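Asker: Supplied structure: protein-v3.tsv, TSV, C-alpha atoms.
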```
chain	number	residue	atom	x	y	z
A	1	MET	CA	25.52	36.74	22.59
A	2	LEU	CA	23.98	33.39	23.63
A	3	GLU	CA	22.92	34.87	26.96
A	4	ASP	CA	21.63	38.02	25.23
A	5	VAL	CA	19.24	35.82	23.26
A	6	GLY	CA	18.07	34.09	26.43
A	7	PHE	CA	20.10	30.91	26.58
A	8	VAL	CA	21.35	29.71	29.95
A	9	ASP	CA	23.86	27.18	31.30
A	10	VAL	CA	26.41	28.07	28.63
A	11	GLN	CA	29.43	25.78	28.51
A	12	ILE	CA	32.50	26.05	26.26
A	13	GLY	CA	34.82	23.12	25.60
A	14	PRO	CA	38.60	23.20	25.15
A	15	ALA	CA	40.24	24.66	22.06
A	16	THR	CA	40.82	22.34	19.11
A	17	ASP	CA	43.55	22.99	16.56
A	18	THR	CA	41.08	22.82	13.68
A	19	PHE	CA	43.36	24.25	10.98
A	20	GLY	CA	46.73	22.78	12.01
A	21	GLY	CA	48.45	21.37	8.91
A	22	ALA	CA	45.75	22.69	6.58
A	23	ALA	CA	46.22	25.35	3.90
A	24	GLY	CA	44.47	27.85	6.16
A	25	GLU	CA	46.83	27.34	9.10
A	26	GLU	CA	48.82	30.53	8.56
A	27	LYS	CA	45.75	32.78	8.67
A	28	ALA	CA	44.37	30.84	11.62
A	29	ARG	CA	47.59	31.28	13.57
A	30	ALA	CA	47.65	35.02	12.80
A	31	TYR	CA	44.40	35.53	14.68
A	32	GLU	CA	44.66	32.55	17.07
A	33	VAL	CA	41.65	30.86	15.51
A	34	TYR	CA	40.62	27.56	17.09
A	35	GLY	CA	37.54	25.41	17.11
A	36	TYR	CA	35.36	25.09	20.21
A	37	ALA	CA	32.30	23.12	21.26
A	38	PHE	CA	29.50	25.11	22.88
A	39	VAL	CA	26.44	23.96	24.79
A	40	ALA	CA	23.58	26.13	26.00
A	41	ARG	CA	20.01	25.52	27.07
A	42	ARG	CA	16.73	27.27	26.37
A	43	PRO	CA	15.18	27.94	29.80
A	44	GLY	CA	12.43	25.45	30.67
B	1	MET	CA	21.56	45.38	4.78
B	2	ALA	CA	21.26	46.25	8.46
B	3	ASP	CA	23.75	48.91	9.50
B	4	ASP	CA	25.37	46.74	12.16
B	5	LEU	CA	26.18	43.84	9.80
B	6	MET	CA	29.74	43.69	8.44
B	7	VAL	CA	28.78	42.05	5.12
B	8	ASP	CA	25.64	41.61	3.04
B	9	PRO	CA	23.91	38.37	4.15
B	10	GLU	CA	22.79	37.25	0.67
B	11	THR	CA	26.17	37.96	-0.92
B	12	LEU	CA	27.81	35.93	1.84
B	13	ARG	CA	25.32	33.09	1.30
B	14	GLU	CA	26.24	32.99	-2.38
B	15	ARG	CA	29.93	32.75	-1.53
B	16	VAL	CA	29.26	30.00	1.00
B	17	ARG	CA	27.13	28.07	-1.52
B	18	ASP	CA	29.95	28.33	-4.07
B	19	LYS	CA	32.54	27.05	-1.60
B	20	TYR	CA	30.49	24.13	-0.28
B	21	ARG	CA	29.29	23.20	-3.75
B	22	GLU	CA	32.98	22.46	-4.40
B	23	VAL	CA	33.26	20.47	-1.17
B	24	ALA	CA	30.26	18.35	-2.18
B	25	ALA	CA	31.43	17.72	-5.73
B	26	ASP	CA	35.18	17.36	-5.22
B	27	PRO	CA	35.87	16.65	-1.54
B	28	HIS	CA	39.42	15.36	-2.09
B	29	ARG	CA	40.86	18.56	-3.50
B	30	THR	CA	42.80	20.92	-1.24
B	31	PHE	CA	40.77	23.47	0.71
B	32	HIS	CA	41.94	25.88	3.41
B	33	PHE	CA	40.39	23.46	5.94
B	34	HIS	CA	40.66	19.72	6.51
B	35	THR	CA	37.89	17.39	5.35
B	36	GLY	CA	36.69	13.82	5.70
B	37	ARG	CA	37.85	11.04	8.00
B	38	PRO	CA	41.16	12.69	8.97
B	39	LEU	CA	39.21	15.75	10.13
B	40	ALA	CA	36.73	13.64	12.10
B	41	ALA	CA	39.65	11.95	13.89
B	42	ARG	CA	41.31	15.34	14.57
B	43	LEU	CA	38.09	16.65	16.12
B	44	GLY	CA	37.65	13.67	18.43
B	45	TYR	CA	34.60	11.96	16.99
B	46	GLU	CA	33.97	8.41	18.24
B	47	GLN	CA	35.95	6.21	15.88
B	48	ALA	CA	33.36	3.43	15.77
B	49	ALA	CA	30.56	5.82	14.84
B	50	VAL	CA	32.62	7.27	11.98
B	51	ASP	CA	33.79	3.85	10.79
B	52	ALA	CA	30.16	2.76	10.53
B	53	LEU	CA	29.46	5.42	7.89
B	54	PRO	CA	30.23	4.99	4.18
B	55	ASP	CA	32.83	7.21	2.52
B	56	ARG	CA	30.20	9.32	0.76
B	57	ALA	CA	28.80	10.31	4.17
B	58	VAL	CA	32.19	11.39	5.53
B	59	GLU	CA	34.28	12.65	2.60
B	60	SER	CA	32.62	16.09	2.42
B	61	PHE	CA	32.62	16.64	6.18
B	62	ALA	CA	34.13	20.07	6.84
B	63	GLY	CA	33.27	20.86	10.47
B	64	VAL	CA	35.44	22.83	12.88
B	65	GLY	CA	34.79	20.98	16.15
B	66	ASN	CA	32.72	18.24	17.74
B	67	PRO	CA	29.19	19.29	18.76
B	68	PHE	CA	28.74	16.02	20.66
B	69	SER	CA	31.84	16.39	22.85
B	70	ILE	CA	30.17	18.12	25.80
B	71	ARG	CA	26.71	16.57	25.56
B	72	ARG	CA	25.74	13.31	23.85
B	73	LEU	CA	22.26	13.28	22.30
B	74	GLN	CA	19.74	11.08	24.09
B	75	PRO	CA	17.66	8.25	22.58
B	76	GLY	CA	14.34	9.52	21.25
B	77	GLU	CA	15.38	13.16	20.92
B	78	ARG	CA	14.25	15.31	18.00
B	79	VAL	CA	17.22	17.13	16.48
B	80	VAL	CA	17.75	19.91	13.96
B	81	ASP	CA	21.17	20.08	12.27
B	82	VAL	CA	21.70	23.64	11.04
B	83	GLY	CA	23.83	23.65	7.89
B	84	SER	CA	23.86	19.88	7.58
B	85	GLY	CA	26.09	19.81	4.50
B	86	ALA	CA	26.61	16.29	3.16
B	87	GLY	CA	24.95	14.91	6.28
B	88	PHE	CA	27.84	13.70	8.43
B	89	ASP	CA	26.72	15.23	11.75
B	90	SER	CA	23.06	14.40	11.02
B	91	LEU	CA	24.00	10.75	10.60
B	92	ILE	CA	26.12	10.74	13.76
B	93	ALA	CA	23.11	12.32	15.51
B	94	ALA	CA	20.82	9.66	14.04
B	95	GLY	CA	22.97	6.97	15.62
B	96	GLN	CA	22.76	8.65	19.02
B	97	VAL	CA	19.00	9.29	19.06
B	98	GLY	CA	18.15	5.89	17.56
B	99	ASP	CA	15.04	4.86	15.64
B	100	SER	CA	12.74	6.49	18.21
B	101	GLY	CA	14.31	9.87	17.56
B	102	HIS	CA	14.21	12.07	14.49
B	103	VAL	CA	16.82	14.26	12.80
B	104	VAL	CA	16.10	17.11	10.40
B	105	GLY	CA	19.14	18.39	8.53
B	106	VAL	CA	18.76	21.88	7.05
B	107	ASP	CA	21.01	23.20	4.29
B	108	MET	CA	20.86	25.87	1.59
B	109	THR	CA	23.19	24.21	-0.93
B	110	PRO	CA	21.36	21.97	-3.44
B	111	GLU	CA	24.43	19.80	-4.09
B	112	MET	CA	24.81	19.07	-0.38
B	113	LEU	CA	21.10	18.27	-0.01
B	114	LYS	CA	21.24	15.85	-2.94
B	115	LYS	CA	24.26	14.10	-1.48
B	116	SER	CA	22.90	13.85	2.08
B	117	ARG	CA	19.49	12.58	0.94
B	118	ALA	CA	21.09	9.89	-1.22
B	119	THR	CA	23.31	8.75	1.63
B	120	ALA	CA	20.45	8.56	4.15
B	121	ALA	CA	18.39	6.58	1.64
B	122	ALA	CA	21.27	4.20	0.95
B	123	LEU	CA	21.69	3.61	4.69
B	124	GLY	CA	17.94	3.05	5.12
B	125	PHE	CA	17.73	5.73	7.80
B	126	ALA	CA	14.02	6.53	7.89
B	127	HIS	CA	14.41	8.80	10.93
B	128	VAL	CA	16.66	11.29	9.11
B	129	GLU	CA	15.46	13.82	6.56
B	130	PHE	CA	17.02	16.83	4.89
B	131	ARG	CA	15.14	20.06	4.17
B	132	GLU	CA	16.19	23.11	2.19
B	133	GLY	CA	16.38	26.20	4.33
B	134	LEU	CA	18.40	28.95	5.96
B	135	ALA	CA	19.82	29.16	9.45
B	136	GLU	CA	17.79	32.34	9.92
B	137	GLN	CA	14.55	30.64	8.77
B	138	LEU	CA	14.60	27.02	9.93
B	139	PRO	CA	11.85	24.90	8.34
B	140	VAL	CA	10.56	23.43	11.62
B	141	GLU	CA	7.68	24.31	13.91
B	142	ASP	CA	8.08	26.41	17.05
B	143	GLY	CA	9.48	24.32	19.90
B	144	TRP	CA	9.83	21.15	17.79
B	145	ALA	CA	13.43	20.31	18.67
B	146	ASP	CA	14.87	18.76	21.81
B	147	ALA	CA	18.31	19.70	20.51
B	148	VAL	CA	19.80	21.85	17.77
B	149	ILE	CA	23.28	21.12	16.50
B	150	ALA	CA	25.56	23.00	14.08
B	151	ASN	CA	29.19	22.72	13.08
B	152	GLY	CA	31.18	25.56	11.56
B	153	VAL	CA	28.03	27.19	10.24
B	154	ILE	CA	27.14	30.10	12.51
B	155	ASN	CA	30.47	31.84	11.85
B	156	LEU	CA	29.47	31.88	8.17
B	157	CYS	CA	26.22	33.75	8.89
B	158	ALA	CA	26.27	37.55	8.70
B	159	ASP	CA	23.61	38.04	11.40
B	160	LYS	CA	24.51	35.67	14.23
B	161	HIS	CA	21.99	37.21	16.61
B	162	ALA	CA	19.19	36.36	14.15
B	163	VAL	CA	20.47	32.78	13.89
B	164	PHE	CA	20.49	32.30	17.67
B	165	GLU	CA	16.98	33.80	17.91
B	166	GLU	CA	15.77	31.35	15.28
B	167	ILE	CA	17.39	28.39	17.02
B	168	ARG	CA	15.73	29.45	20.27
B	169	ARG	CA	12.37	29.50	18.46
B	170	ALA	CA	12.93	25.96	17.12
B	171	LEU	CA	13.87	24.55	20.54
B	172	ARG	CA	11.36	23.36	23.11
B	173	PRO	CA	11.65	24.97	26.55
B	174	GLY	CA	14.55	23.20	28.24
B	175	GLY	CA	16.00	22.11	24.89
B	176	TRP	CA	19.69	22.10	24.09
B	177	LEU	CA	21.80	24.04	21.63
B	178	GLN	CA	25.07	22.22	21.07
B	179	PHE	CA	27.34	23.45	18.34
B	180	ALA	CA	30.94	23.76	17.28
B	181	ASP	CA	32.45	26.85	15.78
B	182	ILE	CA	35.63	28.85	15.47
B	183	ALA	CA	36.63	31.79	17.63
B	184	ASN	CA	39.65	34.06	17.39
B	185	GLY	CA	41.94	34.95	20.28
B	186	ARG	CA	43.25	38.09	18.62
B	187	PRO	CA	40.97	40.86	17.32
B	188	VAL	CA	40.39	40.94	13.58
B	189	PRO	CA	40.67	44.46	12.10
B	190	PRO	CA	37.33	46.00	11.00
B	191	GLU	CA	38.52	46.28	7.39
B	192	ALA	CA	39.17	42.53	7.37
B	193	LEU	CA	35.73	41.84	8.84
B	194	ARG	CA	34.21	43.75	5.91
B	195	ASP	CA	36.24	41.75	3.36
B	196	ILE	CA	33.77	39.06	2.31
B	197	ASP	CA	36.53	37.00	0.67
B	198	LEU	CA	38.04	36.35	4.09
B	199	TRP	CA	34.77	34.91	5.47
B	200	THR	CA	35.05	31.78	3.37
B	201	GLY	CA	38.78	31.37	3.15
```
Could I get this structure in the form of structure tokens?
Answerer:
Amino acid sequence: MLEDVGFVDVQIGPATDTFGGAAGEEKARAYEVYGYAFVARRPG
Amino acid sequence: MADDLMVDPETLRERVRDKYREVAADPHRTFHFHTGRPLAARLGYEQAAVDALPDRAVESFAGVGNPFSIRRLQPGERVVDVGSGAGFDSLIAAGQVGDSGHVVGVDMTPEMLKKSRATAAALGFAHVEFREGLAEQLPVEDGWADAVIANGVINLCADKHAVFEEIRRALRPGGWLQFADIANGRPVPPEALRDIDLWTG
């Protein structure tokens, strides 16, 4: 989707266990939900 | 509502406001996500930068990742924080860009705006301000921002394409979008995607 909008140089960081130990962990595990960092650039 | 959206955007906004109103007012209760300093440590924020902030700036933090982990903001940069909440990421950004930079936090929840403005004032941060607005209608001029950050916000927007288009408008050519958000490794059934209760918890 980022590239569809015109962003370039898209980078995605490693998965983070955002919900581990939280009340929402069970739902997160069910769908393998993790947090990620993203970087993209508007073309110059 | 556009045919390709899974939920009504304004109904979802109301649910999100309700949830984050609770996070602003009562950050120490149990939510389905972590909050505060333990969450910042879990997500890998620089300890010294977090320690430098007062509790009121950190206690309502409810991000899902670290938008500064791949790219650190540069001194002097102009930054928009989409969905700035109680201001945690805006204040971290303010430390990275320094006094020569400027940070505009944008949020739609009045309780979060009140809290973030009070914290920035207490810290004497003149280069940080908080404006009321939506991710789809950012209150900044075309091309104003060197960088746009967000944390756990875009997944709560019904029309993500519209949000990315708006961020692109706010960025200068060559500017950076750096955000954190959740993604699922297993497909979510369509009926669940249409269940608005699942969007916020």
Asker: Using only C-alpha atoms, can you list as a VMD selection string the residues within 12 Å of (26.8, 35.1, 9.5)?
Answerer: chain B and resid 5 to 13 15 to 16 83 134 to 136 152 to 164 181 193 to 194 196 199 to 200
Asker: Taking only C-alpha atoms into account, produce a table as a Markdown table in which each residue of chain B with an atom at most 8 Å from an atom of chain A appears once, together with its shortest atom pair and the distance in Å to one decimal, ordered by chain and rising number.
Answerer:
```
| residue | atom | partner | partner_atom | distance |
| --- | --- | --- | --- | --- |
| B:Thr30 | CA | A:Ala23 | CA | 7.6 |
| B:Phe31 | CA | A:Ala23 | CA | 6.6 |
| B:His32 | CA | A:Gly24 | CA | 4.2 |
| B:Phe33 | CA | A:Ala22 | CA | 5.5 |
| B:His34 | CA | A:Ala22 | CA | 5.9 |
| B:Arg42 | CA | A:Thr18 | CA | 7.5 |
| B:Leu43 | CA | A:Thr16 | CA | 7.0 |
| B:Val64 | CA | A:Gly35 | CA | 5.4 |
| B:Gly65 | CA | A:Gly35 | CA | 5.3 |
| B:Asn66 | CA | A:Ala37 | CA | 6.0 |
| B:Pro67 | CA | A:Ala37 | CA | 5.5 |
| B:Phe68 | CA | A:Ala37 | CA | 8.0 |
| B:Ser69 | CA | A:Ala37 | CA | 6.9 |
| B:Ile70 | CA | A:Gly13 | CA | 6.8 |
| B:Arg71 | CA | A:Val39 | CA | 7.4 |
| B:His161 | CA | A:Met1 | CA | 7.0 |
| B:Phe164 | CA | A:Val5 | CA | 6.7 |
| B:Glu165 | CA | A:Val5 | CA | 6.1 |
| B:Arg168 | CA | A:Arg42 | CA | 6.6 |
| B:Leu171 | CA | A:Arg42 | CA | 7.0 |
| B:Arg172 | CA | A:Arg42 | CA | 7.4 |
| B:Pro173 | CA | A:Gly44 | CA | 4.2 |
| B:Gly174 | CA | A:Gly44 | CA | 3.9 |
| B:Gly175 | CA | A:Arg42 | CA | 5.4 |
| B:Trp176 | CA | A:Arg41 | CA | 4.5 |
| B:Leu177 | CA | A:Ala40 | CA | 5.2 |
| B:Gln178 | CA | A:Val39 | CA | 4.3 |
| B:Phe179 | CA | A:Phe38 | CA | 5.3 |
| B:Ala180 | CA | A:Ala37 | CA | 4.3 |
| B:Asp181 | CA | A:Gly35 | CA | 5.5 |
| B:Ile182 | CA | A:Gly35 | CA | 4.3 |
| B:Ala183 | CA | A:Val33 | CA | 5.5 |
| B:Asn184 | CA | A:Val33 | CA | 4.2 |
| B:Gly185 | CA | A:Glu32 | CA | 4.8 |
| B:Arg186 | CA | A:Tyr31 | CA | 4.8 |
| B:Pro187 | CA | A:Tyr31 | CA | 6.9 |
| B:Val188 | CA | A:Tyr31 | CA | 6.8 |
| B:Gly201 | CA | A:Gly24 | CA | 7.3 |
```
Asker: Excluding Ser84 of chain B and its own-chain neighbours fewer than 5 positions away, which residues fall within 12 Å of it when counting only C-alpha atoms? Please give them as a VMD selection string.
Answerer: chain B and resid 20 24 57 60 to 63 79 89 to 93 103 to 117 128 to 135 138 148 to 154 179
Asker: Rounded to one decimal place, report the atom CA of Phe88 of chain B-atom CA of Val58 of chain B distance in Å.
Answerer: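 Those two atoms sit 5.7 Å apart.
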Asker: Grab the atom CA of Pro54 of chain B to atom CA of Pro139 of chain B distance for me, in Å with one decimal place.
Answerer: 27.4 Å
Asker: Within 7 Å of (11.5, 20.6, 17.8), all atoms listed in the file: residues as a ChimeraX atom specification?
Answerer: /B:78-79,140-146,170-172
Asker: Could you tell me how far atom CA of Arg56 of chain B sits from atom CA of Lys19 of chain B, in Å to one decimal place?
Answerer: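 Computed distance, atom CA of Lys19 of chain B to atom CA of Arg56 of chain B, equals 18.0 Å.
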